Amino acid sequence: MNTRDLARPLAVVVACLLIAGLKLPLDAAQPPQTGLTGIATLRPIYDHILDARLDEAERALQNACDAAPGGACKVLLATTSWWRILLDPYDTSHDREFTTRVDDAIDACTRWTDGEPDRAEAWFYLGAAYGARVSFRVQRGERLAAARDGKRIKEALERASSLDPQLDDARFGVGLYKYYADIAPTSAKVLRFLLMLPGGDRVDGLRDMEAVHERGVLLRGEADYQLHWIYLWYENEPRRAYALLRSLHERYPGNPHFVQRMADVDGRYFHDAAAALANWEGMVDAAAKMGDPVLAEVEGRLGAATALDELAETDRALAEVERVLATPPARPYGARAQAEYLRGHFLDRLGLRDDAVAAYRAALAALPAEDPDHIGEKSRMGLRTAPDATAAEAYRLSLVGWRAFEQRSLQAADAALTKAETLAPGDTLIRVRHARVRQALHEADRALETYDQVITSQPSATPLAVSAAYLWSGAALEARGDIEDARARYRSATHVFSGDSRLAAQASRALERLARR
């Protein structure tokens, strides 16, 4: 569900600009202690957190502090609560628990730095504790409180780096500040000036963060997660961002958030609804093994429904939301209202207006106290605006025909798609699907004529129709023996922007097959 995107670029910029301070003088009376104590115990616990195995992490922490510092354990305990919030950010039921835990961690780490001012890891964990609270406060819109906390973070982490230059994990927060302070918009730079905060360095900051990606002992997963946002927002490198997300998912398959992020990048940056669908369906299939099975299944089905609708498979999209509503979901926050609204939208597309109106009203009745996804506004708009009845009926009939074709009921498919095309002769996807049925009925010439018309009608034809026309005309030409022309059509099918990448994959396999001839 794309509206659950946790990214708030300006909020992050402001928060990072508030992370400021100067290096503190070192006390050289004694050599500083280096490294992170008990890392062999703490790292598996942090891995549990990133894998969304939060209950397991808490159980492990009960026994961890015999080998690891108490302050470090308290920071990780607060981090488990933060990830509960991060998985479902609009649910505030865990806020009090997080606040209690993070305040306790800050108090413990402050006492630690007071008692051992030359111990780098004490400063590192103090910075981490404040960092968790700043993230929470920015998420909840508490900017001034975040500002008061933020001034301590860079100070603590720079102190840690000065005491132990080999502590790469401490470079992460410092690098984050340097980066955002350099690329921040003018308004944020004015704020930095007014608060007398130091300037930044985009290149140096990125280098610091990438060092944690390469060599971090504890925070590599966190570094990868934050870096993916930077690659998306500012570096214009979505493929690098996606590679980091895929790596995070492979390392932490129990965390549904990383799958959600991959699906969001597929749709928003690559305009590939089919790839997003594959990720959402993978989440549903793996939900029972994930850290929060209920949330993973509901988010997966709602995400899959949205992708299926974009792929003009609204009947299957409707089936997904009806599975969600069969057992009204408790998580994520507002999911029932979201599902009811989507149900109304899909029913409208299929020409079932009375049922759609009932679904919109059910969405309004299910609205949570807060409405972060703007479901109320969307549902009221759905009630006010009825779709074109003829176009909706044509679309419904086209799906009836297409499902008949998939079941090899070719005559029924042809009949339904003929009616659909009569109702909506300008709908290029209906025309292409009808042509595919005619192709199966051995009317290849007639089908090729339609494919050629759709291809030459670009850009008015939909990308889904164009990618299908290229692929299916390639198959028709290959069956005729026109191999070179078939190759050209298959190649074109692999390059349709915002088309159906499932069809592009079929075209690639066809090219590989022809290359072996």
# chains A, B, ... in the order shown; residues from 1 in each chain; ligands from 1
>>> residues_around(residues="segment 507-511 of chain A", least_positions_apart="5", cutoff="8 Å", atoms="only C-alpha atoms", output="ChimeraX atom specification")
/A:471,487,490-491,493-494
>>> atom_distance(atom1="atom CA of Ser501 of chain A", atom2="atom CA of Asp272 of chain A")
6.6 Å
>>> atom_distance(atom1="atom CA of Ala366 of chain A", atom2="atom CA of Leu342 of chain A")
12.9 Å
>>> residues_around(residues="segment 412-425 of chain A", least_positions_apart="5", cutoff="7 Å", atoms="only C-alpha atoms", output="list in words")
Thr390, Ala391, Ala394, Tyr395, Leu397, Ser398, Val400, Gly401, Trp402, Ala404, Phe405, Ile430, Arg431, His434 and Val437 of chain A
>>> write_last_selection(atoms="C-alpha atoms", output="PDB file, in the first residue's frame")
ATOM      1  CA  THR A 390     -21.020   1.578 -20.933  1.00  0.00           C
ATOM      2  CA  ALA A 391     -17.245   1.618 -20.495  1.00  0.00           C
ATOM      3  CA  ALA A 394     -17.282  -3.309 -21.691  1.00  0.00           C
ATOM      4  CA  TYR A 395     -14.436  -3.761 -19.222  1.00  0.00           C
ATOM      5  CA  LEU A 397     -17.231  -8.326 -20.361  1.00  0.00           C
ATOM      6  CA  SER A 398     -13.633  -8.172 -21.540  1.00  0.00           C
ATOM      7  CA  VAL A 400     -15.195 -12.481 -18.639  1.00  0.00           C
ATOM      8  CA  GLY A 401     -13.895 -13.181 -22.132  1.00  0.00           C
ATOM      9  CA  TRP A 402     -10.262 -13.170 -21.091  1.00  0.00           C
ATOM     10  CA  ALA A 404     -12.729 -17.877 -20.746  1.00  0.00           C
ATOM     11  CA  PHE A 405      -9.702 -17.708 -23.045  1.00  0.00           C
ATOM     12  CA  ILE A 430      -9.807  -4.965 -25.212  1.00  0.00           C
ATOM     13  CA  ARG A 431      -8.951  -4.988 -28.921  1.00  0.00           C
ATOM     14  CA  HIS A 434      -9.764 -10.006 -28.617  1.00  0.00           C
ATOM     15  CA  VAL A 437      -8.443 -14.962 -29.019  1.00  0.00           C
TER      16      VAL A 437
END
>>> closest_residue(among="A:Val102, A:Val321, A:Ala274, A:Leu311", to="Val298 of chain A", atoms="only C-alpha atoms")
A:Val321
>>> closest_atom_pairs(of="segment 26-92 of chain A", to="segment 368-379 of chain A", cutoff="12 Å", atoms="only C-alpha atoms", output="tab-separated table")
residue	atom	partner	partner_atom	distance
A:Asp88	CA	A:Pro372	CA	11.8
A:Pro89	CA	A:Pro372	CA	10.0
A:Tyr90	CA	A:Pro372	CA	7.4
A:Asp91	CA	A:Glu370	CA	9.5
A:Thr92	CA	A:Glu370	CA	10.4
>>> write_last_selection(atoms="C-alpha atoms", output="short mmCIF file (atom, residue, chain, number, x, y, z; two decimals), in the first residue's frame")
data_model
loop_
_atom_site.label_atom_id
_atom_site.label_comp_id
_atom_site.auth_asym_id
_atom_site.auth_seq_id
_atom_site.Cartn_x
_atom_site.Cartn_y
_atom_site.Cartn_z
CA ASP A 88 2.65 -0.12 11.34
CA PRO A 89 3.46 3.58 11.80
CA TYR A 90 -0.03 4.96 12.29
CA ASP A 91 -0.81 2.60 15.16
CA THR A 92 0.01 4.52 18.35
#
>>> residues_around(residues="Ala363 of chain A", least_positions_apart="3", cutoff="6 Å", atoms="only C-alpha atoms", output="PyMOL selection string")
chain A and resi 337+340-341+360+366
>>> write_last_selection(atoms="all heavy atoms", output="short mmCIF file (atom, residue, chain, number, x, y, z; two decimals), in the first residue's frame")
data_model
loop_
_atom_site.label_atom_id
_atom_site.label_comp_id
_atom_site.auth_asym_id
_atom_site.auth_seq_id
_atom_site.Cartn_x
_atom_site.Cartn_y
_atom_site.Cartn_z
N ALA A 337 -10.83 -0.03 6.43
CA ALA A 337 -11.33 1.08 5.61
C ALA A 337 -10.67 1.08 4.24
O ALA A 337 -11.33 1.32 3.21
CB ALA A 337 -11.08 2.41 6.34
N GLU A 340 -12.23 -1.72 2.15
CA GLU A 340 -13.59 -1.40 1.71
C GLU A 340 -13.57 -0.37 0.58
O GLU A 340 -14.33 -0.48 -0.39
CB GLU A 340 -14.42 -0.87 2.88
CG GLU A 340 -14.74 -1.91 3.95
CD GLU A 340 -15.83 -2.89 3.55
OE1 GLU A 340 -16.23 -2.90 2.36
OE2 GLU A 340 -16.29 -3.65 4.42
N TYR A 341 -12.69 0.63 0.70
CA TYR A 341 -12.60 1.62 -0.38
C TYR A 341 -12.15 0.95 -1.68
O TYR A 341 -12.73 1.20 -2.75
CB TYR A 341 -11.63 2.75 -0.01
CG TYR A 341 -11.22 3.51 -1.24
CD1 TYR A 341 -12.13 4.35 -1.88
CD2 TYR A 341 -9.97 3.31 -1.83
CE1 TYR A 341 -11.79 4.99 -3.07
CE2 TYR A 341 -9.63 3.95 -3.01
CZ TYR A 341 -10.54 4.79 -3.62
OH TYR A 341 -10.20 5.40 -4.80
N TYR A 360 -18.27 1.90 -0.49
CA TYR A 360 -17.78 3.22 -0.09
C TYR A 360 -18.34 3.62 1.27
O TYR A 360 -17.64 4.19 2.12
CB TYR A 360 -18.16 4.27 -1.13
CG TYR A 360 -17.45 4.13 -2.46
CD1 TYR A 360 -18.16 4.30 -3.66
CD2 TYR A 360 -16.09 3.86 -2.54
CE1 TYR A 360 -17.54 4.20 -4.89
CE2 TYR A 360 -15.46 3.74 -3.77
CZ TYR A 360 -16.18 3.91 -4.94
OH TYR A 360 -15.56 3.80 -6.15
N ALA A 366 -15.88 2.51 8.61
CA ALA A 366 -14.72 1.85 9.22
C ALA A 366 -13.52 2.78 9.40
O ALA A 366 -12.46 2.33 9.83
CB ALA A 366 -14.30 0.65 8.35
#
>>> residues_around(residues="Val294 of chain A", least_positions_apart="4", cutoff="10 Å", atoms="only C-alpha atoms", output="list in words")
Val284, Ala287, Ala288, Met290, Val298, Glu299, Gly300, Pro329, Ala330, Arg331 and Pro332 of chain A
>>> residues_around(residues="Ala211 of chain A", least_positions_apart="4", cutoff="10 Å", atoms="only C-alpha atoms", output="list in words")
Asp168, Asp169, Arg171, Phe172, Gly175, Gly205, Leu206, Arg207, Arg215, Gly216, Arg220 and Ala223 of chain A
>>> write_last_selection(atoms="C-alpha atoms", output="PDB file, in the first residue's frame")
ATOM      1  CA  ASP A 168      32.938   2.528  11.615  1.00  0.00           C
ATOM      2  CA  ASP A 169      29.383   2.216  12.940  1.00  0.00           C
ATOM      3  CA  ARG A 171      30.430   7.229  11.218  1.00  0.00           C
ATOM      4  CA  PHE A 172      26.923   6.536  10.026  1.00  0.00           C
ATOM      5  CA  GLY A 175      27.758  10.974   7.576  1.00  0.00           C
ATOM      6  CA  GLY A 205      28.858  12.241   4.124  1.00  0.00           C
ATOM      7  CA  LEU A 206      27.980   9.628   1.527  1.00  0.00           C
ATOM      8  CA  ARG A 207      31.457   8.149   1.925  1.00  0.00           C
ATOM      9  CA  ARG A 215      32.504  -2.442   7.234  1.00  0.00           C
ATOM     10  CA  GLY A 216      29.852  -1.820   9.871  1.00  0.00           C
ATOM     11  CA  ARG A 220      25.155  -2.375   8.377  1.00  0.00           C
ATOM     12  CA  ALA A 223      22.982   1.872   6.909  1.00  0.00           C
TER      13      ALA A 223
END
>>> residues_around(residues="Lys289 of chain A", least_positions_apart="4", cutoff="9 Å", atoms="only C-alpha atoms", output="list in words")
Pro253, Gly254, Asp285 and Pro293 of chain A
>>> write_last_selection(atoms="C-alpha atoms", output="tab-separated table (two decimals), in the first residue's frame")
chain	number	residue	atom	x	y	z
A	253	PRO	CA	13.18	-12.47	5.00
A	254	GLY	CA	10.90	-12.18	8.04
A	285	ASP	CA	2.93	-16.74	0.29
A	293	PRO	CA	2.02	-12.85	9.79
>>> closest_residue(among="A:Asp355, A:Asp500, A:Asp445, A:Asp66", to="Ala476 of chain A", atoms="only C-alpha atoms")
A:Asp445
>>> select_by_dssp(residues="segment 392-459 of chain A", states="helix (DSSP H, G or I)", output="number ranges by chain")
A: 392-406, 410-423, 428-440, 444-456
>>> write_last_selection(atoms="C-alpha atoms", output="compact mmCIF listing (two decimals), in the first residue's frame")
# COMPACT_ATOMS: atom_id res chain seq x y z
CA ALA A 392 -17.55 -0.30 -17.22
CA GLU A 393 -19.74 -2.98 -18.81
CA ALA A 394 -17.28 -3.31 -21.69
CA TYR A 395 -14.44 -3.76 -19.22
CA ARG A 396 -16.37 -6.37 -17.23
CA LEU A 397 -17.23 -8.33 -20.36
CA SER A 398 -13.63 -8.17 -21.54
CA LEU A 399 -12.50 -9.82 -18.32
CA VAL A 400 -15.19 -12.48 -18.64
CA GLY A 401 -13.89 -13.18 -22.13
CA TRP A 402 -10.26 -13.17 -21.09
CA ARG A 403 -10.86 -15.65 -18.27
CA ALA A 404 -12.73 -17.88 -20.75
CA PHE A 405 -9.70 -17.71 -23.05
CA GLU A 406 -7.39 -18.70 -20.18
CA LEU A 410 -12.40 -19.98 -27.15
CA GLN A 411 -15.93 -19.56 -28.49
CA ALA A 412 -17.18 -18.11 -25.19
CA ALA A 413 -14.13 -15.85 -25.07
CA ASP A 414 -14.75 -14.59 -28.60
CA ALA A 415 -18.41 -13.89 -27.87
CA ALA A 416 -17.73 -11.89 -24.69
CA LEU A 417 -14.86 -9.91 -26.22
CA THR A 418 -16.90 -9.16 -29.34
CA LYS A 419 -19.58 -7.57 -27.14
CA ALA A 420 -16.91 -5.70 -25.16
CA GLU A 421 -15.25 -4.34 -28.30
CA THR A 422 -18.61 -3.24 -29.69
CA LEU A 423 -19.28 -1.26 -26.51
CA THR A 428 -6.84 -0.80 -27.18
CA LEU A 429 -6.39 -3.46 -24.49
CA ILE A 430 -9.81 -4.97 -25.21
CA ARG A 431 -8.95 -4.99 -28.92
CA VAL A 432 -5.59 -6.67 -28.35
CA ARG A 433 -7.04 -9.33 -26.07
CA HIS A 434 -9.76 -10.01 -28.62
CA ALA A 435 -7.11 -10.31 -31.31
CA ARG A 436 -5.27 -12.87 -29.18
CA VAL A 437 -8.44 -14.96 -29.02
CA ARG A 438 -8.82 -14.73 -32.81
CA GLN A 439 -5.20 -15.77 -33.17
CA ALA A 440 -6.00 -18.90 -31.16
CA ALA A 444 -3.88 -14.91 -37.64
CA ASP A 445 -4.24 -12.35 -40.46
CA ARG A 446 -7.08 -10.59 -38.72
CA ALA A 447 -5.21 -10.66 -35.41
CA LEU A 448 -2.03 -9.24 -36.99
CA GLU A 449 -4.01 -6.42 -38.51
CA THR A 450 -5.28 -5.43 -35.05
CA TYR A 451 -1.80 -5.74 -33.50
CA ASP A 452 -0.33 -3.49 -36.19
CA GLN A 453 -3.09 -0.91 -35.70
CA VAL A 454 -2.47 -0.78 -31.96
CA ILE A 455 1.32 -0.53 -32.39
CA THR A 456 1.01 2.32 -34.88
>>> decode(residues="segment 280-295 of chain A", atoms="N, CA, C and O atoms", output="tab-separated table (two decimals), in the first residue's frame")
chain	number	residue	atom	x	y	z
A	280	TRP	N	4.39	-8.52	-3.89
A	280	TRP	CA	3.24	-8.61	-2.98
A	280	TRP	C	2.78	-10.06	-2.82
A	280	TRP	O	2.49	-10.52	-1.70
A	281	GLU	N	2.73	-10.79	-3.94
A	281	GLU	CA	2.29	-12.19	-3.85
A	281	GLU	C	3.30	-13.03	-3.08
A	281	GLU	O	2.92	-13.96	-2.34
A	282	GLY	N	4.58	-12.70	-3.24
A	282	GLY	CA	5.60	-13.39	-2.45
A	282	GLY	C	5.42	-13.14	-0.97
A	282	GLY	O	5.62	-14.04	-0.14
A	283	MET	N	5.02	-11.92	-0.60
A	283	MET	CA	4.76	-11.62	0.81
A	283	MET	C	3.60	-12.45	1.33
A	283	MET	O	3.65	-12.99	2.45
A	284	VAL	N	2.53	-12.55	0.54
A	284	VAL	CA	1.38	-13.34	0.97
A	284	VAL	C	1.78	-14.80	1.16
A	284	VAL	O	1.44	-15.44	2.16
A	285	ASP	N	2.52	-15.34	0.21
A	285	ASP	CA	2.93	-16.74	0.29
A	285	ASP	C	3.81	-17.01	1.52
A	285	ASP	O	3.75	-18.09	2.11
A	286	ALA	N	4.64	-16.02	1.88
A	286	ALA	CA	5.58	-16.21	3.00
A	286	ALA	C	5.05	-15.66	4.31
A	286	ALA	O	5.75	-15.73	5.33
A	287	ALA	N	3.82	-15.13	4.33
A	287	ALA	CA	3.32	-14.41	5.50
A	287	ALA	C	3.39	-15.23	6.78
A	287	ALA	O	3.76	-14.72	7.84
A	288	ALA	N	3.04	-16.51	6.69
A	288	ALA	CA	3.01	-17.35	7.89
A	288	ALA	C	4.37	-17.47	8.55
A	288	ALA	O	4.46	-17.73	9.76
A	289	LYS	N	5.44	-17.27	7.79
A	289	LYS	CA	6.79	-17.39	8.32
A	289	LYS	C	7.41	-16.05	8.68
A	289	LYS	O	8.56	-15.99	9.10
A	290	MET	N	6.66	-14.98	8.52
A	290	MET	CA	7.20	-13.65	8.78
A	290	MET	C	7.00	-13.26	10.24
A	290	MET	O	6.26	-13.89	10.99
A	291	GLY	N	7.68	-12.16	10.62
A	291	GLY	CA	7.62	-11.72	12.00
A	291	GLY	C	6.24	-11.28	12.45
A	291	GLY	O	5.89	-11.41	13.63
A	292	ASP	N	5.43	-10.74	11.55
A	292	ASP	CA	4.05	-10.36	11.84
A	292	ASP	C	3.18	-10.93	10.73
A	292	ASP	O	2.88	-10.27	9.74
A	293	PRO	N	2.74	-12.18	10.87
A	293	PRO	CA	2.02	-12.85	9.79
A	293	PRO	C	0.73	-12.14	9.37
A	293	PRO	O	0.41	-12.08	8.18
A	294	VAL	N	-0.02	-11.62	10.34
A	294	VAL	CA	-1.29	-10.97	10.01
A	294	VAL	C	-1.04	-9.72	9.18
A	294	VAL	O	-1.64	-9.52	8.11
A	295	LEU	N	-0.15	-8.87	9.63
A	295	LEU	CA	0.16	-7.64	8.90
A	295	LEU	C	0.70	-7.96	7.52
A	295	LEU	O	0.32	-7.33	6.53
